[in-house]
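Shown next: input_10.pdb, containing PDB, C-alpha atoms, pLDDT in the B column.
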```pdb
ATOM      1  CA  MET A1013     271.743  96.151 214.935  1.00 46.00           C
ATOM      2  CA  ALA A1014     269.984  98.485 217.392  1.00 53.00           C
ATOM      3  CA  ARG A1015     271.710  99.537 220.586  1.00 63.00           C
ATOM      4  CA  ARG A1016     270.577  97.683 223.662  1.00 87.00           C
ATOM      5  CA  PHE A1017     271.073 100.675 225.939  1.00 94.00           C
ATOM      6  CA  MET A1018     269.958 104.263 226.282  1.00 96.00           C
ATOM      7  CA  LYS A1019     272.040 107.298 227.123  1.00 97.00           C
ATOM      8  CA  LEU A1020     270.530 109.142 230.114  1.00 97.00           C
ATOM      9  CA  THR A1021     271.376 112.761 230.846  1.00 97.00           C
ATOM     10  CA  VAL A1022     269.836 114.523 233.857  1.00 97.00           C
ATOM     11  CA  LEU A1023     270.152 118.299 233.707  1.00 96.00           C
ATOM     12  CA  LEU A1024     269.719 120.806 236.512  1.00 93.00           C
ATOM     13  CA  PRO A1025     269.447 124.540 235.746  1.00 91.00           C
ATOM     14  CA  PHE A1026     273.213 125.089 236.116  1.00 91.00           C
ATOM     15  CA  GLN A1027     274.870 121.696 235.720  1.00 94.00           C
ATOM     16  CA  ILE A1028     274.786 118.209 234.272  1.00 95.00           C
ATOM     17  CA  PHE A1029     273.768 116.044 237.232  1.00 93.00           C
ATOM     18  CA  VAL A1030     273.944 112.544 235.696  1.00 94.00           C
ATOM     19  CA  GLU A1031     275.369 111.129 232.456  1.00 95.00           C
ATOM     20  CA  GLU A1032     275.064 107.387 231.902  1.00 94.00           C
ATOM     21  CA  ASP A1033     275.663 105.593 228.589  1.00 93.00           C
ATOM     22  CA  ASP A1034     274.534 102.064 229.451  1.00 93.00           C
ATOM     23  CA  VAL A1035     270.978 102.495 230.785  1.00 96.00           C
ATOM     24  CA  ALA A1036     268.769  99.447 230.256  1.00 95.00           C
ATOM     25  CA  ARG A1037     265.516 100.849 231.716  1.00 95.00           C
ATOM     26  CA  ILE A1038     264.072 103.987 233.277  1.00 96.00           C
ATOM     27  CA  VAL A1039     261.006 104.482 235.480  1.00 95.00           C
ATOM     28  CA  ALA A1040     259.716 108.042 235.942  1.00 95.00           C
ATOM     29  CA  GLU A1041     256.717 109.694 237.609  1.00 92.00           C
ATOM     30  CA  THR A1042     254.304 111.983 235.799  1.00 91.00           C
ATOM     31  CA  PRO A1043     251.208 113.747 237.142  1.00 90.00           C
ATOM     32  CA  ASP A1044     249.199 110.800 235.722  1.00 91.00           C
ATOM     33  CA  GLY A1045     251.348 108.062 237.294  1.00 91.00           C
ATOM     34  CA  SER A1046     254.571 106.154 236.701  1.00 92.00           C
ATOM     35  CA  PHE A1047     255.773 104.861 233.358  1.00 92.00           C
ATOM     36  CA  GLY A1048     258.760 102.918 232.104  1.00 94.00           C
ATOM     37  CA  LEU A1049     261.161 103.363 229.222  1.00 94.00           C
ATOM     38  CA  LEU A1050     263.094 100.647 227.435  1.00 94.00           C
ATOM     39  CA  PRO A1051     265.656 101.197 224.647  1.00 92.00           C
ATOM     40  CA  ARG A1052     263.255 100.306 221.823  1.00 90.00           C
ATOM     41  CA  ARG A1053     260.340 102.418 223.040  1.00 90.00           C
ATOM     42  CA  LEU A1054     259.079 105.041 220.619  1.00 92.00           C
ATOM     43  CA  ASP A1055     260.241 108.607 221.090  1.00 93.00           C
ATOM     44  CA  CYS A1056     258.202 110.616 223.580  1.00 92.00           C
ATOM     45  CA  VAL A1057     257.996 113.699 225.768  1.00 93.00           C
ATOM     46  CA  ALA A1058     256.550 113.664 229.299  1.00 93.00           C
ATOM     47  CA  ALA A1059     256.043 116.231 232.034  1.00 93.00           C
ATOM     48  CA  LEU A1060     257.556 114.939 235.266  1.00 93.00           C
ATOM     49  CA  ALA A1061     256.001 115.348 238.683  1.00 89.00           C
ATOM     50  CA  PRO A1062     258.100 115.568 241.853  1.00 87.00           C
ATOM     51  CA  GLY A1063     258.983 111.965 242.638  1.00 86.00           C
ATOM     52  CA  ILE A1064     261.499 109.164 242.232  1.00 88.00           C
ATOM     53  CA  LEU A1065     263.377 108.509 238.986  1.00 94.00           C
ATOM     54  CA  ILE A1066     264.763 104.967 238.835  1.00 93.00           C
ATOM     55  CA  TYR A1067     267.207 103.781 236.206  1.00 95.00           C
ATOM     56  CA  GLU A1068     269.222 100.611 235.744  1.00 94.00           C
ATOM     57  CA  THR A1069     272.683 100.530 234.203  1.00 92.00           C
ATOM     58  CA  GLU A1070     274.575  97.500 232.974  1.00 89.00           C
ATOM     59  CA  THR A1071     277.605  98.270 235.141  1.00 87.00           C
ATOM     60  CA  GLY A1072     276.114  99.964 238.223  1.00 83.00           C
ATOM     61  CA  GLY A1073     272.784  98.242 238.705  1.00 87.00           C
ATOM     62  CA  GLU A1074     269.680 100.119 239.835  1.00 90.00           C
ATOM     63  CA  LYS A1075     270.045 103.775 240.843  1.00 91.00           C
ATOM     64  CA  CYS A1076     267.504 106.216 242.246  1.00 90.00           C
ATOM     65  CA  LEU A1077     267.088 109.991 242.229  1.00 91.00           C
ATOM     66  CA  ALA A1078     264.523 112.166 243.933  1.00 87.00           C
ATOM     67  CA  VAL A1079     263.604 114.736 241.274  1.00 91.00           C
ATOM     68  CA  ASP A1080     261.571 117.913 241.242  1.00 86.00           C
ATOM     69  CA  GLU A1081     259.129 118.666 238.445  1.00 87.00           C
ATOM     70  CA  GLY A1082     260.523 118.902 234.962  1.00 91.00           C
ATOM     71  CA  VAL A1083     260.435 117.260 231.568  1.00 94.00           C
ATOM     72  CA  LEU A1084     261.663 113.975 230.052  1.00 95.00           C
ATOM     73  CA  ILE A1085     262.457 113.670 226.338  1.00 95.00           C
ATOM     74  CA  LYS A1086     263.299 110.379 224.604  1.00 95.00           C
ATOM     75  CA  ALA A1087     264.719 110.726 221.102  1.00 94.00           C
ATOM     76  CA  GLY A1088     266.209 107.554 219.684  1.00 93.00           C
ATOM     77  CA  GLN A1089     268.536 106.115 222.304  1.00 94.00           C
ATOM     78  CA  ASP A1090     268.998 109.486 224.064  1.00 96.00           C
ATOM     79  CA  VAL A1091     266.896 110.306 227.125  1.00 97.00           C
ATOM     80  CA  LEU A1092     267.140 113.844 228.452  1.00 96.00           C
ATOM     81  CA  VAL A1093     265.637 114.709 231.829  1.00 96.00           C
ATOM     82  CA  SER A1094     265.577 118.374 232.796  1.00 95.00           C
ATOM     83  CA  VAL A1095     264.480 119.141 236.364  1.00 93.00           C
ATOM     84  CA  ARG A1096     264.830 122.020 238.809  1.00 88.00           C
ATOM     85  CA  ASN A1097     266.502 119.907 241.496  1.00 87.00           C
ATOM     86  CA  ALA A1098     267.595 116.317 242.151  1.00 89.00           C
ATOM     87  CA  ILE A1099     268.872 114.318 245.127  1.00 85.00           C
ATOM     88  CA  PRO A1100     270.711 110.991 244.706  1.00 85.00           C
ATOM     89  CA  GLY A1101     270.149 108.116 247.114  1.00 81.00           C
ATOM     90  CA  THR A1102     269.633 104.414 247.577  1.00 73.00           C
ATOM     91  CA  ASP A1103     266.910 104.215 250.233  1.00 75.00           C
ATOM     92  CA  LEU A1104     263.512 104.733 248.584  1.00 75.00           C
ATOM     93  CA  GLY A1105     261.895 105.727 251.890  1.00 76.00           C
ATOM     94  CA  GLU A1106     264.448 108.477 252.460  1.00 78.00           C
ATOM     95  CA  LEU A1107     264.132 109.672 248.873  1.00 77.00           C
ATOM     96  CA  ARG A1108     260.322 109.780 249.113  1.00 75.00           C
ATOM     97  CA  ALA A1109     260.639 111.824 252.335  1.00 77.00           C
ATOM     98  CA  ALA A1110     263.081 114.169 250.561  1.00 74.00           C
ATOM     99  CA  VAL A1111     260.570 114.673 247.735  1.00 72.00           C
ATOM    100  CA  GLU A1112     257.843 115.570 250.224  1.00 74.00           C
ATOM    101  CA  ARG A1113     260.118 117.761 252.333  1.00 73.00           C
ATOM    102  CA  GLU A1114     262.076 119.552 249.613  1.00 73.00           C
ATOM    103  CA  PHE A1115     260.057 119.628 246.424  1.00 70.00           C
ATOM    104  CA  LEU A1116     256.393 119.457 247.395  1.00 62.00           C
ATOM    105  CA  SER A1117     256.720 122.005 250.214  1.00 64.00           C
ATOM    106  CA  LEU A1118     258.618 124.340 247.869  1.00 57.00           C
ATOM    107  CA  ASN A1119     255.761 124.143 245.379  1.00 60.00           C
ATOM    108  CA  GLU A1120     253.350 125.076 248.165  1.00 64.00           C
ATOM    109  CA  GLN A1121     255.550 128.059 249.090  1.00 67.00           C
ATOM    110  CA  GLU A1122     255.624 129.141 245.443  1.00 69.00           C
ATOM    111  CA  ARG A1123     251.814 129.048 245.309  1.00 66.00           C
ATOM    112  CA  SER A1124     251.634 131.196 248.455  1.00 71.00           C
ATOM    113  CA  VAL A1125     254.086 133.737 247.028  1.00 67.00           C
ATOM    114  CA  ARG A1126     252.211 133.878 243.714  1.00 65.00           C
ATOM    115  CA  LEU A1127     248.905 134.396 245.536  1.00 69.00           C
ATOM    116  CA  ALA A1128     250.404 137.224 247.617  1.00 73.00           C
ATOM    117  CA  LEU A1129     251.827 138.865 244.479  1.00 72.00           C
ATOM    118  CA  ALA A1130     248.481 138.603 242.697  1.00 75.00           C
ATOM    119  CA  LYS A1131     246.754 140.283 245.664  1.00 75.00           C
ATOM    120  CA  MET A1132     249.357 143.072 245.705  1.00 78.00           C
ATOM    121  CA  GLU A1133     248.982 143.610 241.952  1.00 76.00           C
ATOM    122  CA  GLY A1134     245.205 143.768 242.318  1.00 76.00           C
ATOM    123  CA  GLU A1135     245.508 146.319 245.115  1.00 78.00           C
ATOM    124  CA  ILE A1136     247.901 148.478 243.064  1.00 80.00           C
ATOM    125  CA  ILE A1137     245.549 148.411 240.066  1.00 78.00           C
ATOM    126  CA  HIS A1138     242.615 149.318 242.326  1.00 74.00           C
ATOM    127  CA  ARG A1139     244.540 152.243 243.848  1.00 77.00           C
ATOM    128  CA  LEU A1140     245.643 153.487 240.419  1.00 76.00           C
ATOM    129  CA  ALA A1141     242.047 153.348 239.177  1.00 75.00           C
ATOM    130  CA  THR A1142     240.886 155.244 242.269  1.00 78.00           C
ATOM    131  CA  PHE A1143     243.635 157.835 241.826  1.00 73.00           C
ATOM    132  CA  ARG A1144     242.730 158.285 238.152  1.00 70.00           C
ATOM    133  CA  ASP A1145     239.010 158.660 238.885  1.00 70.00           C
ATOM    134  CA  GLY A1146     239.733 161.147 241.709  1.00 66.00           C
ATOM    135  CA  ARG A1147     241.183 163.817 239.413  1.00 57.00           C
TER     136      ARG A1147
END
```

Using structure tokens, write down the structure that the file contains.
Amino acid sequence: MARRFMKLTVLLPFQIFVEEDDVARIVAETPDGSFGLLPRRLDCVAALAPGILIYETETGGEKCLAVDEGVLIKAGQDVLVSVRNAIPGTDLGELRAAVEREFLSLNEQERSVRLALAKMEGEIIHRLATFRDGR
């Protein structure tokens, strides 16, 4: 007989954040929208967008996490979620605000830093080309 529950593991870069053995359902957010997982769903892989991960356990009821971007892998009854950061909570409004404040603004800062680095690299290449041609 097939197991009625999934095993959920949420990994951060340097620690195991959540391990639950009796998960009945999971709802996650991808760039294309939310989707749900049940124990008998086919195996899958999904890119996660910053958002709310909701899961329901037999013993603890519904639980919520604000998660940064990452990946979700379902293989058999095992569901592995690997994200850069996660925040536990019960109030969906507070968690949504945390996503916007912590994760989405960080992504914007990363884009700004990458743009600045690309400009600096372009300037260095231009100066090297000018130096080489000036010989």

Selection as a list of chain:residue names: residues within 10 Å of (261.5, 109.2, 236.4), counting all atoms listed in the file: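 Residues with an atom at most 10 Å from (261.5, 109.2, 236.4): A:Ile1038, A:Val1039, A:Ala1040, A:Glu1041, A:Thr1042, A:Ser1046, A:Phe1047, A:Gly1048, A:Leu1049, A:Ala1058, A:Ala1059, A:Leu1060, A:Ala1061, A:Pro1062, A:Gly1063, A:Ile1064, A:Leu1065, A:Ile1066, A:Tyr1067, A:Cys1076, A:Leu1077, A:Ala1078, A:Val1079, A:Asp1080, A:Glu1081, A:Gly1082, A:Val1083, A:Leu1084, A:Val1093.
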
Would you export the selected residues with C-alpha atoms as an mmCIF file, in the frame of the given file, please?
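Contents of selection32.cif, freshly written:
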```
data_model
loop_
_atom_site.group_PDB
_atom_site.id
_atom_site.type_symbol
_atom_site.label_atom_id
_atom_site.label_comp_id
_atom_site.auth_asym_id
_atom_site.auth_seq_id
_atom_site.Cartn_x
_atom_site.Cartn_y
_atom_site.Cartn_z
ATOM 1 C CA ILE A 1038 264.072 103.987 233.277
ATOM 2 C CA VAL A 1039 261.006 104.482 235.480
ATOM 3 C CA ALA A 1040 259.716 108.042 235.942
ATOM 4 C CA GLU A 1041 256.717 109.694 237.609
ATOM 5 C CA THR A 1042 254.304 111.983 235.799
ATOM 6 C CA SER A 1046 254.571 106.154 236.701
ATOM 7 C CA PHE A 1047 255.773 104.861 233.358
ATOM 8 C CA GLY A 1048 258.760 102.918 232.104
ATOM 9 C CA LEU A 1049 261.161 103.363 229.222
ATOM 10 C CA ALA A 1058 256.550 113.664 229.299
ATOM 11 C CA ALA A 1059 256.043 116.231 232.034
ATOM 12 C CA LEU A 1060 257.556 114.939 235.266
ATOM 13 C CA ALA A 1061 256.001 115.348 238.683
ATOM 14 C CA PRO A 1062 258.100 115.568 241.853
ATOM 15 C CA GLY A 1063 258.983 111.965 242.638
ATOM 16 C CA ILE A 1064 261.499 109.164 242.232
ATOM 17 C CA LEU A 1065 263.377 108.509 238.986
ATOM 18 C CA ILE A 1066 264.763 104.967 238.835
ATOM 19 C CA TYR A 1067 267.207 103.781 236.206
ATOM 20 C CA CYS A 1076 267.504 106.216 242.246
ATOM 21 C CA LEU A 1077 267.088 109.991 242.229
ATOM 22 C CA ALA A 1078 264.523 112.166 243.933
ATOM 23 C CA VAL A 1079 263.604 114.736 241.274
ATOM 24 C CA ASP A 1080 261.571 117.913 241.242
ATOM 25 C CA GLU A 1081 259.129 118.666 238.445
ATOM 26 C CA GLY A 1082 260.523 118.902 234.962
ATOM 27 C CA VAL A 1083 260.435 117.260 231.568
ATOM 28 C CA LEU A 1084 261.663 113.975 230.052
ATOM 29 C CA VAL A 1093 265.637 114.709 231.829
#
```

Reference answer for the PyMOL selection byres ((chain A and resi 1026) around 12), as a PDB file with C-alpha atoms, keeping the file's coordinate frame:
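Output (part25.pdb):
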```
ATOM      1  CA  VAL A1022     269.836 114.523 233.857  1.00 97.00           C
ATOM      2  CA  LEU A1023     270.152 118.299 233.707  1.00 96.00           C
ATOM      3  CA  LEU A1024     269.719 120.806 236.512  1.00 93.00           C
ATOM      4  CA  PRO A1025     269.447 124.540 235.746  1.00 91.00           C
ATOM      5  CA  GLN A1027     274.870 121.696 235.720  1.00 94.00           C
ATOM      6  CA  ILE A1028     274.786 118.209 234.272  1.00 95.00           C
ATOM      7  CA  PHE A1029     273.768 116.044 237.232  1.00 93.00           C
ATOM      8  CA  SER A1094     265.577 118.374 232.796  1.00 95.00           C
ATOM      9  CA  VAL A1095     264.480 119.141 236.364  1.00 93.00           C
ATOM     10  CA  ARG A1096     264.830 122.020 238.809  1.00 88.00           C
ATOM     11  CA  ASN A1097     266.502 119.907 241.496  1.00 87.00           C
TER      12      ASN A1097
END
```

Hits of the PyMOL selection byres ((chain A and resi 1051) around 7) in this structure, as a ChimeraX atom specification: /A:1016-1018,1036,1049-1050,1052-1053,1089

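Put simply, CA of Ala1130 (chain A) is 18.3 Å away from CA of Thr1142 (chain A).
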
Residue nearest Lys1019 (chain A) among A:Asp1090, A:Glu1112, A:Glu1068, A:Asp1103 (counting all atoms listed in the file): A:Asp1090

Atomic distance CA of Pro1100 (chain A) - CA of Val1035 (chain A), expressed in Å with one decimal: 16.3 Å

Coordinates-based distance that separates CA of Leu1054 (chain A) from CA of Val1111 (chain A) (Å, one decimal): 28.8 Å

Test item: residues at most 8 Å from Ile1085 (chain A), all atoms listed in the file, excluding those fewer than 5 positions along its chain, as a ChimeraX atom specification: /A:1055-1058,1091-1093

Nearest candidate to Glu1032 (chain A) (options A:Asp1044, A:Ile1137, A:Lys1086, A:Gly1072; using only C-alpha atoms): A:Gly1072
